file target05.cif (mmCIF, C-alpha atoms)
data_data
#
loop_
_atom_site.group_PDB
_atom_site.id
_atom_site.type_symbol
_atom_site.label_atom_id
_atom_site.label_comp_id
_atom_site.auth_asym_id
_atom_site.auth_seq_id
_atom_site.Cartn_x
_atom_site.Cartn_y
_atom_site.Cartn_z
ATOM 1 C CA MET A 25 131.256 121.782 80.166
ATOM 2 C CA SER A 26 129.995 119.005 82.419
ATOM 3 C CA PHE A 27 127.349 116.348 81.882
ATOM 4 C CA ARG A 28 125.020 118.194 84.282
ATOM 5 C CA THR A 29 125.152 121.405 82.257
ATOM 6 C CA LEU A 30 124.350 119.761 78.926
ATOM 7 C CA ALA A 31 120.915 120.261 77.417
ATOM 8 C CA ALA A 32 118.520 117.346 77.965
ATOM 9 C CA ASP A 33 118.845 116.137 74.346
ATOM 10 C CA LYS A 34 122.662 116.089 74.610
ATOM 11 C CA ARG A 35 122.520 114.233 77.956
ATOM 12 C CA ALA A 36 120.258 111.665 76.296
ATOM 13 C CA GLU A 37 122.788 111.348 73.449
ATOM 14 C CA VAL A 38 125.628 110.740 75.920
ATOM 15 C CA GLN A 39 123.533 108.146 77.809
ATOM 16 C CA THR A 40 122.636 106.331 74.583
ATOM 17 C CA ARG A 41 126.252 106.275 73.405
ATOM 18 C CA MET A 42 127.529 105.121 76.826
ATOM 19 C CA LEU A 43 125.193 102.098 76.758
ATOM 20 C CA SER A 44 125.827 101.319 73.067
ATOM 21 C CA SER A 45 128.412 98.923 71.658
ATOM 22 C CA GLU A 46 130.608 102.007 71.135
ATOM 23 C CA VAL A 47 131.340 102.241 74.893
ATOM 24 C CA LEU A 48 129.867 99.933 77.589
ATOM 25 C CA ASP A 49 128.063 97.580 75.191
ATOM 26 C CA ALA A 50 125.336 97.018 77.811
ATOM 27 C CA ARG A 51 123.544 94.381 75.741
ATOM 28 C CA LYS A 52 126.624 92.177 75.603
ATOM 29 C CA TYR A 53 127.882 93.083 79.108
ATOM 30 C CA PRO A 54 124.758 93.953 81.150
ATOM 31 C CA ASP A 55 126.424 93.646 84.557
ATOM 32 C CA ILE A 56 129.097 95.537 86.430
ATOM 33 C CA ALA A 57 130.287 93.459 89.401
ATOM 34 C CA PHE A 58 132.638 93.875 92.329
ATOM 35 C CA THR A 59 133.789 90.997 94.552
ATOM 36 C CA SER A 60 135.921 91.811 97.579
ATOM 37 C CA THR A 61 138.981 89.640 98.159
ATOM 38 C CA ALA A 62 140.381 91.369 101.264
ATOM 39 C CA ILE A 63 139.312 93.914 103.865
ATOM 40 C CA GLU A 64 141.994 95.339 106.132
ATOM 41 C CA SER A 65 141.595 97.698 109.067
ATOM 42 C CA ALA A 66 143.093 101.126 108.449
ATOM 43 C CA GLY A 67 142.244 102.540 111.865
ATOM 44 C CA PRO A 68 139.069 103.171 113.837
ATOM 45 C CA ASP A 69 136.059 103.032 111.503
ATOM 46 C CA ARG A 70 138.319 102.845 108.397
ATOM 47 C CA TRP A 71 139.156 99.977 106.067
ATOM 48 C CA THR A 72 141.056 99.308 102.887
ATOM 49 C CA VAL A 73 139.014 97.095 100.555
ATOM 50 C CA THR A 74 140.609 95.119 97.725
ATOM 51 C CA GLY A 75 138.694 93.156 95.143
ATOM 52 C CA ARG A 76 137.945 92.303 91.554
ATOM 53 C CA LEU A 77 135.930 94.761 89.441
ATOM 54 C CA SER A 78 134.356 93.486 86.213
ATOM 55 C CA ILE A 79 133.220 95.940 83.548
ATOM 56 C CA HIS A 80 132.815 95.462 79.802
ATOM 57 C CA GLY A 81 134.033 91.860 79.932
ATOM 58 C CA GLU A 82 137.305 92.828 81.640
ATOM 59 C CA THR A 83 138.200 92.132 85.279
ATOM 60 C CA ARG A 84 140.801 94.136 87.166
ATOM 61 C CA SER A 85 142.009 94.288 90.756
ATOM 62 C CA THR A 86 141.093 97.489 92.572
ATOM 63 C CA THR A 87 141.653 98.922 96.043
ATOM 64 C CA PHE A 88 139.818 101.748 97.779
ATOM 65 C CA SER A 89 139.197 103.170 101.251
ATOM 66 C CA VAL A 90 135.950 102.937 103.206
ATOM 67 C CA VAL A 91 134.969 105.054 106.210
ATOM 68 C CA ARG A 92 132.109 104.326 108.631
ATOM 69 C CA LEU A 93 130.189 107.401 109.731
ATOM 70 C CA GLY A 94 127.343 106.378 112.030
ATOM 71 C CA GLY A 95 125.534 103.538 110.290
ATOM 72 C CA ARG A 96 126.853 104.504 106.848
ATOM 73 C CA TYR A 97 129.854 103.255 104.898
ATOM 74 C CA ARG A 98 131.298 105.750 102.421
ATOM 75 C CA GLY A 99 134.080 105.705 99.908
ATOM 76 C CA THR A 100 135.265 106.483 96.416
ATOM 77 C CA ALA A 101 136.621 103.994 93.890
ATOM 78 C CA VAL A 102 138.631 105.230 90.907
ATOM 79 C CA VAL A 103 137.896 103.546 87.578
ATOM 80 C CA LYS A 104 140.109 104.103 84.542
ATOM 81 C CA GLN A 105 137.995 103.354 81.494
ATOM 82 C CA LEU A 106 140.966 102.379 79.327
ATOM 83 C CA ASP A 107 141.822 99.603 81.841
ATOM 84 C CA PHE A 108 138.523 97.985 80.851
ATOM 85 C CA GLY A 109 138.911 98.450 77.098
ATOM 86 C CA ILE A 110 136.585 101.471 77.023
ATOM 87 C CA GLN A 111 137.457 104.509 74.942
ATOM 88 C CA PRO A 112 136.025 107.675 76.567
ATOM 89 C CA ILE A 113 133.570 109.487 74.305
ATOM 90 C CA SER A 114 133.125 113.107 73.364
ATOM 91 C CA ILE A 115 130.186 114.914 71.771
ATOM 92 C CA VAL A 116 129.327 118.390 70.518
ATOM 93 C CA GLY A 117 132.505 118.617 68.473
ATOM 94 C CA GLY A 118 134.619 117.555 71.435
ATOM 95 C CA THR A 119 133.368 120.275 73.805
ATOM 96 C CA ALA A 120 131.800 117.663 76.106
ATOM 97 C CA LYS A 121 134.004 114.714 77.003
ATOM 98 C CA VAL A 122 133.625 111.821 79.397
ATOM 99 C CA LYS A 123 136.732 111.713 81.561
ATOM 100 C CA ALA A 124 139.078 108.752 81.166
ATOM 101 C CA GLU A 125 139.250 108.387 84.961
ATOM 102 C CA LEU A 126 135.940 108.206 86.830
ATOM 103 C CA HIS A 127 135.429 108.549 90.568
ATOM 104 C CA VAL A 128 132.562 106.340 91.725
ATOM 105 C CA GLU A 129 131.282 107.479 95.103
ATOM 106 C CA PHE A 130 129.193 105.208 97.298
ATOM 107 C CA ASP A 131 127.218 105.667 100.481
ATOM 108 C CA ILE A 132 125.858 102.411 101.930
ATOM 109 C CA VAL A 133 123.390 102.407 104.810
ATOM 110 C CA ALA A 134 123.736 99.463 107.205
ATOM 111 C CA GLN A 135 120.445 97.975 108.420
ATOM 112 C CA ASP A 136 119.754 95.247 110.933
ATOM 113 C CA SER A 137 118.032 92.384 109.071
ATOM 114 C CA ARG A 138 116.518 90.890 112.207
#

call {"tool": "encode", "arguments": {"input": "target05.cif", "output": "C-alpha coordinates"}}
result
Amino acid sequence: MSFRTLAADKRAEVQTRMLSSEVLDARKYPDIAFTSTAIESAGPDRWTVTGRLSIHGETRSTTFSVVRLGGRYRGTAVVKQLDFGIQPISIVGGTAKVKAELHVEFDIVAQDSR
(Lines of atoms letter the chains of each structure in order from A and count residues from 1; the text may use other names and numbers.)
(Lines give C-alpha, C1' and ligand atoms only; values in the text may rest on other atoms or scores of the structure.)
Protein backbone atom coordinates (compact mmCIF):
# COMPACT_ATOMS: atom_id res chain seq x y z
CA MET A 1 0.00 0.00 0.00
CA SER A 2 1.39 3.41 -0.89
CA PHE A 3 0.68 6.86 0.52
CA ARG A 4 -1.23 7.75 -2.67
CA THR A 5 -3.64 4.83 -2.28
CA LEU A 6 -4.52 5.58 1.34
CA ALA A 7 -7.92 7.04 2.13
CA ALA A 8 -7.91 10.81 2.71
CA ASP A 9 -8.29 10.43 6.50
CA LYS A 10 -5.30 8.05 6.66
CA ARG A 11 -3.18 10.39 4.49
CA ALA A 12 -4.06 13.20 6.89
CA GLU A 13 -3.00 10.97 9.81
CA VAL A 14 0.36 10.25 8.15
CA GLN A 15 0.89 13.97 7.43
CA THR A 16 0.07 14.93 11.02
CA ARG A 17 2.40 12.28 12.44
CA MET A 18 5.22 13.22 10.03
CA LEU A 19 5.11 16.85 11.21
CA SER A 20 4.70 15.95 14.91
CA SER A 21 7.47 15.55 17.47
CA GLU A 22 7.23 11.80 16.78
CA VAL A 23 8.99 12.22 13.40
CA LEU A 24 10.13 15.56 11.88
CA ASP A 25 9.21 17.72 14.89
CA ALA A 26 8.41 20.63 12.55
CA ARG A 27 7.78 23.07 15.39
CA LYS A 28 11.27 22.58 16.79
CA TYR A 29 12.97 22.11 13.39
CA PRO A 30 10.87 24.11 10.88
CA ASP A 31 13.51 24.20 8.15
CA ILE A 32 15.14 21.65 5.89
CA ALA A 33 18.25 23.17 4.29
CA PHE A 34 20.83 22.17 1.72
CA THR A 35 24.09 24.07 1.13
CA SER A 36 26.32 22.96 -1.72
CA THR A 37 30.03 22.66 -0.98
CA ALA A 38 31.24 21.40 -4.38
CA ILE A 39 29.96 21.04 -7.93
CA GLU A 40 32.00 18.93 -10.32
CA SER A 41 31.44 18.36 -14.02
CA ALA A 42 30.45 14.79 -14.85
CA GLY A 43 30.25 15.31 -18.61
CA PRO A 44 28.22 17.49 -20.95
CA ASP A 45 25.20 18.90 -19.10
CA ARG A 46 25.89 16.68 -16.03
CA TRP A 47 27.27 17.50 -12.60
CA THR A 48 27.94 15.83 -9.29
CA VAL A 49 26.79 18.06 -6.42
CA THR A 50 28.07 17.62 -2.87
CA GLY A 51 26.79 19.52 0.12
CA ARG A 52 25.42 19.60 3.62
CA LEU A 53 21.79 18.59 4.21
CA SER A 54 20.15 19.60 7.50
CA ILE A 55 16.99 17.87 8.68
CA HIS A 56 15.61 17.41 12.19
CA GLY A 57 18.57 19.19 13.79
CA GLU A 58 21.10 16.86 12.15
CA THR A 59 23.46 17.79 9.31
CA ARG A 60 24.98 15.21 6.99
CA SER A 61 27.09 15.33 3.84
CA THR A 62 25.28 14.18 0.71
CA THR A 63 26.15 13.79 -2.97
CA PHE A 64 23.83 13.48 -5.95
CA SER A 65 23.81 13.86 -9.73
CA VAL A 66 22.20 16.70 -11.68
CA VAL A 67 21.37 16.69 -15.39
CA ARG A 68 20.48 19.75 -17.50
CA LEU A 69 17.73 19.15 -20.03
CA GLY A 70 16.98 22.37 -21.89
CA GLY A 71 16.57 25.06 -19.25
CA ARG A 72 15.79 22.55 -16.49
CA TYR A 73 18.04 20.92 -13.91
CA ARG A 74 16.86 17.53 -12.68
CA GLY A 75 18.08 15.04 -10.15
CA THR A 76 17.29 12.73 -7.28
CA ALA A 77 18.79 12.89 -3.79
CA VAL A 78 18.55 9.87 -1.49
CA VAL A 79 17.74 10.60 2.15
CA LYS A 80 18.01 7.91 4.82
CA GLN A 81 15.74 8.95 7.66
CA LEU A 82 17.74 7.09 10.31
CA ASP A 83 20.82 9.20 9.39
CA PHE A 84 18.88 12.21 10.68
CA GLY A 85 17.57 10.57 13.85
CA ILE A 86 14.13 9.94 12.35
CA GLN A 87 12.36 6.65 12.93
CA PRO A 88 10.11 5.81 9.94
CA ILE A 89 6.45 5.50 10.91
CA SER A 90 3.77 2.97 10.10
CA ILE A 91 -0.01 3.17 10.43
CA VAL A 92 -3.02 0.93 9.91
CA GLY A 93 -1.49 -1.88 11.94
CA GLY A 94 1.75 -1.67 9.98
CA THR A 95 0.15 -2.11 6.54
CA ALA A 96 1.24 1.40 5.50
CA LYS A 97 4.85 2.29 6.23
CA VAL A 98 7.02 5.25 5.34
CA LYS A 99 10.19 3.91 3.76
CA ALA A 100 13.45 4.36 5.66
CA GLU A 101 15.14 5.57 2.46
CA LEU A 102 13.42 8.38 0.56
CA HIS A 103 14.18 9.53 -2.97
CA VAL A 104 13.66 13.28 -3.30
CA GLU A 105 13.28 14.26 -6.93
CA PHE A 106 13.75 17.84 -8.08
CA ASP A 107 13.15 19.70 -11.30
CA ILE A 108 14.44 23.29 -11.28
CA VAL A 109 13.62 25.71 -14.08
CA ALA A 110 16.37 28.23 -14.86
CA GLN A 111 15.15 31.77 -15.60
CA ASP A 112 17.04 34.85 -16.69
CA SER A 113 16.66 37.46 -13.92
CA ARG A 114 17.47 40.38 -16.20

call {"tool": "closest_residue", "arguments": {"input": "target05.cif", "among": "A:Thr59, A:Gln111, A:Thr40, A:Ser89", "to": "Arg76 in chain A", "atoms": "all atoms listed in the file"}}
result
A:Thr59

call {"tool": "residues_around", "arguments": {"input": "target05.cif", "residues": "Thr87 in chain A", "least_positions_apart": "6", "cutoff": "8 Å", "atoms": "all atoms listed in the file", "output": "PyMOL selection string"}}
result
chain A and resi 72-75+101

call {"tool": "write_last_selection", "arguments": {"input": "target05.cif", "atoms": "C-alpha atoms", "output": "PDB file, in the frame of the given file"}}
result
ATOM      1  CA  THR A  72     141.056  99.308 102.887  1.00  0.00           C
ATOM      2  CA  VAL A  73     139.014  97.095 100.555  1.00  0.00           C
ATOM      3  CA  THR A  74     140.609  95.119  97.725  1.00  0.00           C
ATOM      4  CA  GLY A  75     138.694  93.156  95.143  1.00  0.00           C
ATOM      5  CA  ALA A 101     136.621 103.994  93.890  1.00  0.00           C
TER       6      ALA A 101
END

call {"tool": "residues_around", "arguments": {"input": "target05.cif", "residues": "range 90-94 of chain A", "least_positions_apart": "3", "cutoff": "7 Å", "atoms": "only C-alpha atoms", "output": "ChimeraX atom specification"}}
result
/A:69-72,97-99

call {"tool": "write_last_selection", "arguments": {"input": "target05.cif", "atoms": "C-alpha atoms", "output": "short mmCIF file (atom, residue, chain, number, x, y, z; two decimals), in the coordinates of the input"}}
result
data_model
loop_
_atom_site.label_atom_id
_atom_site.label_comp_id
_atom_site.auth_asym_id
_atom_site.auth_seq_id
_atom_site.Cartn_x
_atom_site.Cartn_y
_atom_site.Cartn_z
CA ASP A 69 136.06 103.03 111.50
CA ARG A 70 138.32 102.84 108.40
CA TRP A 71 139.16 99.98 106.07
CA THR A 72 141.06 99.31 102.89
CA TYR A 97 129.85 103.26 104.90
CA ARG A 98 131.30 105.75 102.42
CA GLY A 99 134.08 105.70 99.91
#

call {"tool": "closest_residue", "arguments": {"input": "target05.cif", "among": "A:Glu64, A:Arg51, A:Ser44, A:Phe108", "to": "Ser78 in chain A", "atoms": "all atoms listed in the file"}}
result
A:Phe108

call {"tool": "residues_around", "arguments": {"input": "target05.cif", "residues": "Val102 in chain A", "least_positions_apart": "6", "cutoff": "9 Å", "atoms": "only C-alpha atoms", "output": "PyMOL selection string"}}
result
chain A and resi 86-88+125-129

call {"tool": "atom_distance", "arguments": {"input": "target05.cif", "atom1": "CA of Ile79 in chain A", "atom2": "CA of Ile56 in chain A"}}
result
5.0 Å

call {"tool": "resolve_selection", "arguments": {"input": "target05.cif", "expression": "the PyMOL selection byres ((chain A and resi 107) around 10)", "output": "number ranges by chain"}}
result
A: 79, 82-84, 103-106, 108-111, 124-125

call {"tool": "atom_distance", "arguments": {"input": "target05.cif", "atom1": "CA of Val133 in chain A", "atom2": "CA of Ala57 in chain A"}}
result
19.1 Å

call {"tool": "atom_distance", "arguments": {"input": "target05.cif", "atom1": "CA of Ile113 in chain A", "atom2": "CA of Asp131 in chain A"}}
result
27.2 Å

call {"tool": "closest_residue", "arguments": {"input": "target05.cif", "among": "A:Leu48, A:Ile132, A:Pro112, A:Leu43", "to": "Thr100 in chain A", "atoms": "all atoms listed in the file"}}
result
A:Ile132

call {"tool": "axis_aligned_box", "arguments": {"input": "target05.cif", "around": "range 35-53 of chain A", "padding_each_side": "6 Å", "output": "lines of an AutoDock Vina configuration file"}}
result
center_x = 125.8
center_y = 103.2
center_z = 75.1
size_x = 23.1
size_y = 34.1
size_z = 20.0

call {"tool": "closest_residue", "arguments": {"input": "target05.cif", "among": "A:Gly95, A:Ala31, A:His80, A:Gly67", "to": "Pro54 in chain A", "atoms": "all atoms listed in the file"}}
result
A:His80
